[in-house]
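Peer 1: I have a structure here, written as structure tokens, and I will follow up with some questions on it.
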Amino acid sequence: MAKILVTGAAGFIGYHTSARLLARGDEVVGLDIVNDYYDPTLKEARLARLASQPGYRHVRIDLVDRAAMAALFAAERFDRVIHLAAQAGVRYSLTNPHAYIDSNLVGFINILEGCRHAEVAHLTYASSSSVYGANTAMPFSVHQNVDHPLSLYAATKKANELMAHTYSHLYGLPTTGLRFFTVYGPWGRPDMALFLFTKAILEGRPIDVFNHGRMQRDFTYIDDIVEGVIRTSDHTATPNETWSSATPDPATSRAPYRLYNIGNHNPVELMHLIATLEQALGRTAEKRMLPMQPGDVPATYADVEALVEDVGFAPRTPVEVGVGRFVAWYRDYYGFGD
């Protein structure tokens, strides 16, 4: 049994990760300030489910509160940290940039400093497929350079990877960054496409289909994401002894540093996702075709070879199965009958 700090425990991925850790017997300290970026009642409902399980404790500390974060790490002496808290969303970063600097940069340095001084054995943290930005070579590989982000959100996640490497190099802190690809499933985020589409269709409103539907996303079911998070957390990052500055591998280092994609390795056309959702709901969507939004990319597609090689796992849930499970949860939670 390990004592693990999970930040963003009231969030979508944080909730599911905490629940899985508790189920296997770990002690979990969840950290989340529960802001109002989206419906706080959904976050509180997730927390209520965690609080009912033995081994869970919650702390409401803001990541940017340097003194409170330092005190938390000094008092608790965590074995490992899974850092999932962040200001998420590409489109929101266009209108609220300071929220990303505070949470994703200031908050992350407080996590790194806490791990360093408390001698945490391994920090696993959320990055994003958004870091691939202007890259067009598919599938996206962790061995590619990612130097051209297209949104401030993506830039902060790239910065997190750089900051983590610095601490791995200077202080020997093992760090592993996880680039998540379009996560969906029960208890999901209300700002994500599948949630927005479901809500609109059930309420009889049109759905906004960006880039006129000519989009592909590597939709990854939440259970697969959590499996990847926990396996990589258990697999402490180690130095790559063959790393060479002559041909540098961005995904590894002479320091104890690793990067992985966690995606379904199966890009899905947006129109196919909508058709799958329509079938699951038994309703047809009214579609409002719109141009691409600033900061978006037309396609994402994960190469998960490194994940398979190191931890023996790759996401595999078909979108038809995952969408069906999400719809069943949505109907139950929000009270929509068949």
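Letters A, B, ... mark the chains of the structure tokens in the order given; residue numbers begin at 1 per chain; ligand numbers begin at 1, in order shown.
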Neighbours of range 84-98 of chain A within 6 Å (only C-alpha atoms; same-chain residues fewer than 5 positions away dropped), as a ChimeraX atom specification?
Peer 2: /A:7-8,103-104,125-126,153
Peer 1: Given only C-alpha atoms, how would the per-residue table for range 142-260 of chain A near range 270-289 of chain A read, listing every residue at most 9 Å away with its closest atom pair and distance in Å to one decimal, sorted by chain and number, as a Markdown table?
Peer 2:
```
| residue | atom | partner | partner_atom | distance |
| --- | --- | --- | --- | --- |
| A:Leu194 | CA | A:Leu277 | CA | 8.1 |
| A:Phe197 | CA | A:Ile274 | CA | 7.9 |
| A:Thr198 | CA | A:Leu277 | CA | 7.4 |
| A:Ala200 | CA | A:Ala285 | CA | 8.3 |
| A:Ile201 | CA | A:Ala285 | CA | 5.7 |
| A:Leu202 | CA | A:Leu281 | CA | 8.0 |
| A:Gly204 | CA | A:Ala285 | CA | 8.1 |
| A:Arg205 | CA | A:Glu286 | CA | 7.1 |
| A:Pro206 | CA | A:Glu286 | CA | 4.6 |
| A:Ile207 | CA | A:Lys287 | CA | 5.1 |
| A:Asp208 | CA | A:Arg288 | CA | 5.0 |
| A:Val209 | CA | A:Met289 | CA | 4.9 |
| A:Phe210 | CA | A:Met289 | CA | 6.2 |
| A:Asn211 | CA | A:Met289 | CA | 7.3 |
| A:His212 | CA | A:Met289 | CA | 4.8 |
| A:Gly213 | CA | A:Leu270 | CA | 5.8 |
| A:Arg214 | CA | A:Leu270 | CA | 6.9 |
| A:Met215 | CA | A:Leu270 | CA | 5.4 |
| A:Gln216 | CA | A:Leu270 | CA | 5.7 |
| A:Arg217 | CA | A:Leu270 | CA | 7.1 |
```
Peer 1: According to DSSP computed on the backbone, where in range 25-224 of chain A is there strand (DSSP E or B)? Give the residues as a VMD selection string.
Peer 2: chain A and resid 27 to 31 56 to 59 80 to 83 122 to 128 140 175 to 180 183 to 184 207 to 209 216 to 217 220 to 221
Peer 1: Which residues are close to Pro267 in chain A, i.e. within 12 Å by only C-alpha atoms, leaving aside same-chain residues fewer than 5 positions away? Reply as a list in words.
Peer 2: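 Once the nearby chain positions are removed, what remains is Met138, Pro139, Phe140, Phe181, Thr182, Met215, Gln216, Arg217, Asp218, Phe219, Thr220, His272, Leu273, Pro298, Ala299, Thr300, Tyr301, Ala302, Asp303, Pro318 and Val319 of chain A.
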Peer 1: At a cut-off of 7 Å, using only C-alpha atoms, what residues contact Pro315 in chain A? Leave out same-chain residues fewer than 4 positions from it and give the result as number ranges by chain.
Peer 2: A: 224, 263-264
Peer 1: Please produce an output containing all heavy atoms for each residue in the selection, written as an mmCIF file, in the first residue's frame.
Peer 2:
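Result written to selection11.cif:
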```cif
data_model
loop_
_atom_site.group_PDB
_atom_site.id
_atom_site.type_symbol
_atom_site.label_atom_id
_atom_site.label_comp_id
_atom_site.auth_asym_id
_atom_site.auth_seq_id
_atom_site.Cartn_x
_atom_site.Cartn_y
_atom_site.Cartn_z
ATOM 1 N N ASP A 224 -9.277 3.232 -19.806
ATOM 2 C CA ASP A 224 -7.971 3.023 -20.425
ATOM 3 C C ASP A 224 -6.974 4.088 -19.969
ATOM 4 O O ASP A 224 -5.797 3.794 -19.735
ATOM 5 C CB ASP A 224 -8.095 3.055 -21.948
ATOM 6 C CG ASP A 224 -8.820 1.843 -22.510
ATOM 7 O OD1 ASP A 224 -8.786 0.783 -21.863
ATOM 8 O OD2 ASP A 224 -9.430 1.958 -23.584
ATOM 9 N N GLY A 263 -3.357 7.160 -25.718
ATOM 10 C CA GLY A 263 -4.434 7.354 -26.675
ATOM 11 C C GLY A 263 -4.882 6.024 -27.238
ATOM 12 O O GLY A 263 -4.191 5.009 -27.082
ATOM 13 N N ASN A 264 -6.005 6.021 -27.907
ATOM 14 C CA ASN A 264 -6.600 4.775 -28.397
ATOM 15 C C ASN A 264 -5.943 4.254 -29.666
ATOM 16 O O ASN A 264 -6.271 3.166 -30.128
ATOM 17 C CB ASN A 264 -8.100 4.970 -28.639
ATOM 18 C CG ASN A 264 -8.902 3.723 -28.331
ATOM 19 O OD1 ASN A 264 -8.625 3.028 -27.362
ATOM 20 N ND2 ASN A 264 -9.899 3.437 -29.156
#
```
Peer 1: With only C-alpha atoms as the counted atoms, please give the residues lying no more than 8 Å from range 59-74 of chain A, apart from itself and same-chain residues fewer than 4 positions off, as a VMD selection string.
Peer 2: chain A and resid 29 to 34 78 102 to 103 106 to 108 110 to 111 113 to 115 117 to 118
Peer 1: Using only C-alpha atoms, pick whichever of A:Ala99, A:Ala2, A:Ile230, A:Ala306 has the shortest atom-to-atom distance to Tyr37 in chain A.
Peer 2: A:Ala99
Peer 1: DSSP on the backbone, then: every residue of range 192-329 of chain A marked helix (DSSP H, G or I), written as a PyMOL selection string.
Peer 2: chain A and resi 193-202+210-213+222-234+270-281+305-311+319-329
Peer 1: Got a sec: who's within 10 Å of Thr238 in chain A, counting only C-alpha atoms, leaving out chain neighbours fewer than 6 positions off, as a PDB file with N, CA and C atoms, in the first residue's frame?
Peer 2:
```pdb
ATOM      1  N   SER A 168      14.236  16.671 -12.832  1.00  0.00           N
ATOM      2  CA  SER A 168      14.814  15.333 -12.955  1.00  0.00           C
ATOM      3  C   SER A 168      16.331  15.422 -13.088  1.00  0.00           C
ATOM      4  N   GLY A 172      17.459  14.749  -9.443  1.00  0.00           N
ATOM      5  CA  GLY A 172      17.232  13.314  -9.528  1.00  0.00           C
ATOM      6  C   GLY A 172      15.804  12.902  -9.241  1.00  0.00           C
ATOM      7  N   LEU A 173      14.849  13.843  -9.389  1.00  0.00           N
ATOM      8  CA  LEU A 173      13.435  13.529  -9.154  1.00  0.00           C
ATOM      9  C   LEU A 173      12.881  12.757 -10.353  1.00  0.00           C
ATOM     10  N   PRO A 174      12.469  11.513 -10.185  1.00  0.00           N
ATOM     11  CA  PRO A 174      11.878  10.783 -11.307  1.00  0.00           C
ATOM     12  C   PRO A 174      10.531  11.408 -11.696  1.00  0.00           C
ATOM     13  N   THR A 175      10.390  11.753 -12.967  1.00  0.00           N
ATOM     14  CA  THR A 175       9.151  12.359 -13.461  1.00  0.00           C
ATOM     15  C   THR A 175       8.685  11.662 -14.735  1.00  0.00           C
ATOM     16  N   THR A 176       7.382  11.503 -14.848  1.00  0.00           N
ATOM     17  CA  THR A 176       6.781  10.918 -16.047  1.00  0.00           C
ATOM     18  C   THR A 176       5.608  11.791 -16.479  1.00  0.00           C
ATOM     19  N   THR A 252      12.957  10.827 -23.606  1.00  0.00           N
ATOM     20  CA  THR A 252      13.774  10.260 -22.539  1.00  0.00           C
ATOM     21  C   THR A 252      14.943  11.200 -22.268  1.00  0.00           C
ATOM     22  N   SER A 253      15.832  10.774 -21.374  1.00  0.00           N
ATOM     23  CA  SER A 253      16.926  11.645 -20.977  1.00  0.00           C
ATOM     24  C   SER A 253      17.966  10.835 -20.219  1.00  0.00           C
ATOM     25  N   ARG A 254      19.125  11.437 -20.007  1.00  0.00           N
ATOM     26  CA  ARG A 254      20.073  10.850 -19.065  1.00  0.00           C
ATOM     27  C   ARG A 254      19.569  10.991 -17.633  1.00  0.00           C
ATOM     28  N   ALA A 255      18.610  11.876 -17.436  1.00  0.00           N
ATOM     29  CA  ALA A 255      17.937  12.027 -16.144  1.00  0.00           C
ATOM     30  C   ALA A 255      16.776  11.041 -16.059  1.00  0.00           C
ATOM     31  N   PRO A 256      16.239  10.802 -14.858  1.00  0.00           N
ATOM     32  CA  PRO A 256      15.083   9.900 -14.712  1.00  0.00           C
ATOM     33  C   PRO A 256      13.799  10.587 -15.165  1.00  0.00           C
ATOM     34  N   TYR A 257      13.565  10.567 -16.467  1.00  0.00           N
ATOM     35  CA  TYR A 257      12.525  11.380 -17.114  1.00  0.00           C
ATOM     36  C   TYR A 257      11.928  10.586 -18.253  1.00  0.00           C
ATOM     37  N   ARG A 258      10.588  10.574 -18.328  1.00  0.00           N
ATOM     38  CA  ARG A 258       9.900   9.850 -19.400  1.00  0.00           C
ATOM     39  C   ARG A 258       8.656  10.615 -19.841  1.00  0.00           C
TER      40      ARG A 258
END
```
Peer 1: Ranking A:Ser129, A:Ser233, A:Thr166, A:Asn160 by minimum distance to Val81 in chain A and counting only C-alpha atoms, which one comes first?
Peer 2: A:Ser233
Peer 1: As an exercise, work out the distance from CA of Ala251 in chain A to CA of Val131 in chain A in Å and give it to one decimal place.
Peer 2: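 So the two atoms, CA of Ala251 in chain A and CA of Val131 in chain A, lie 12.9 Å apart.
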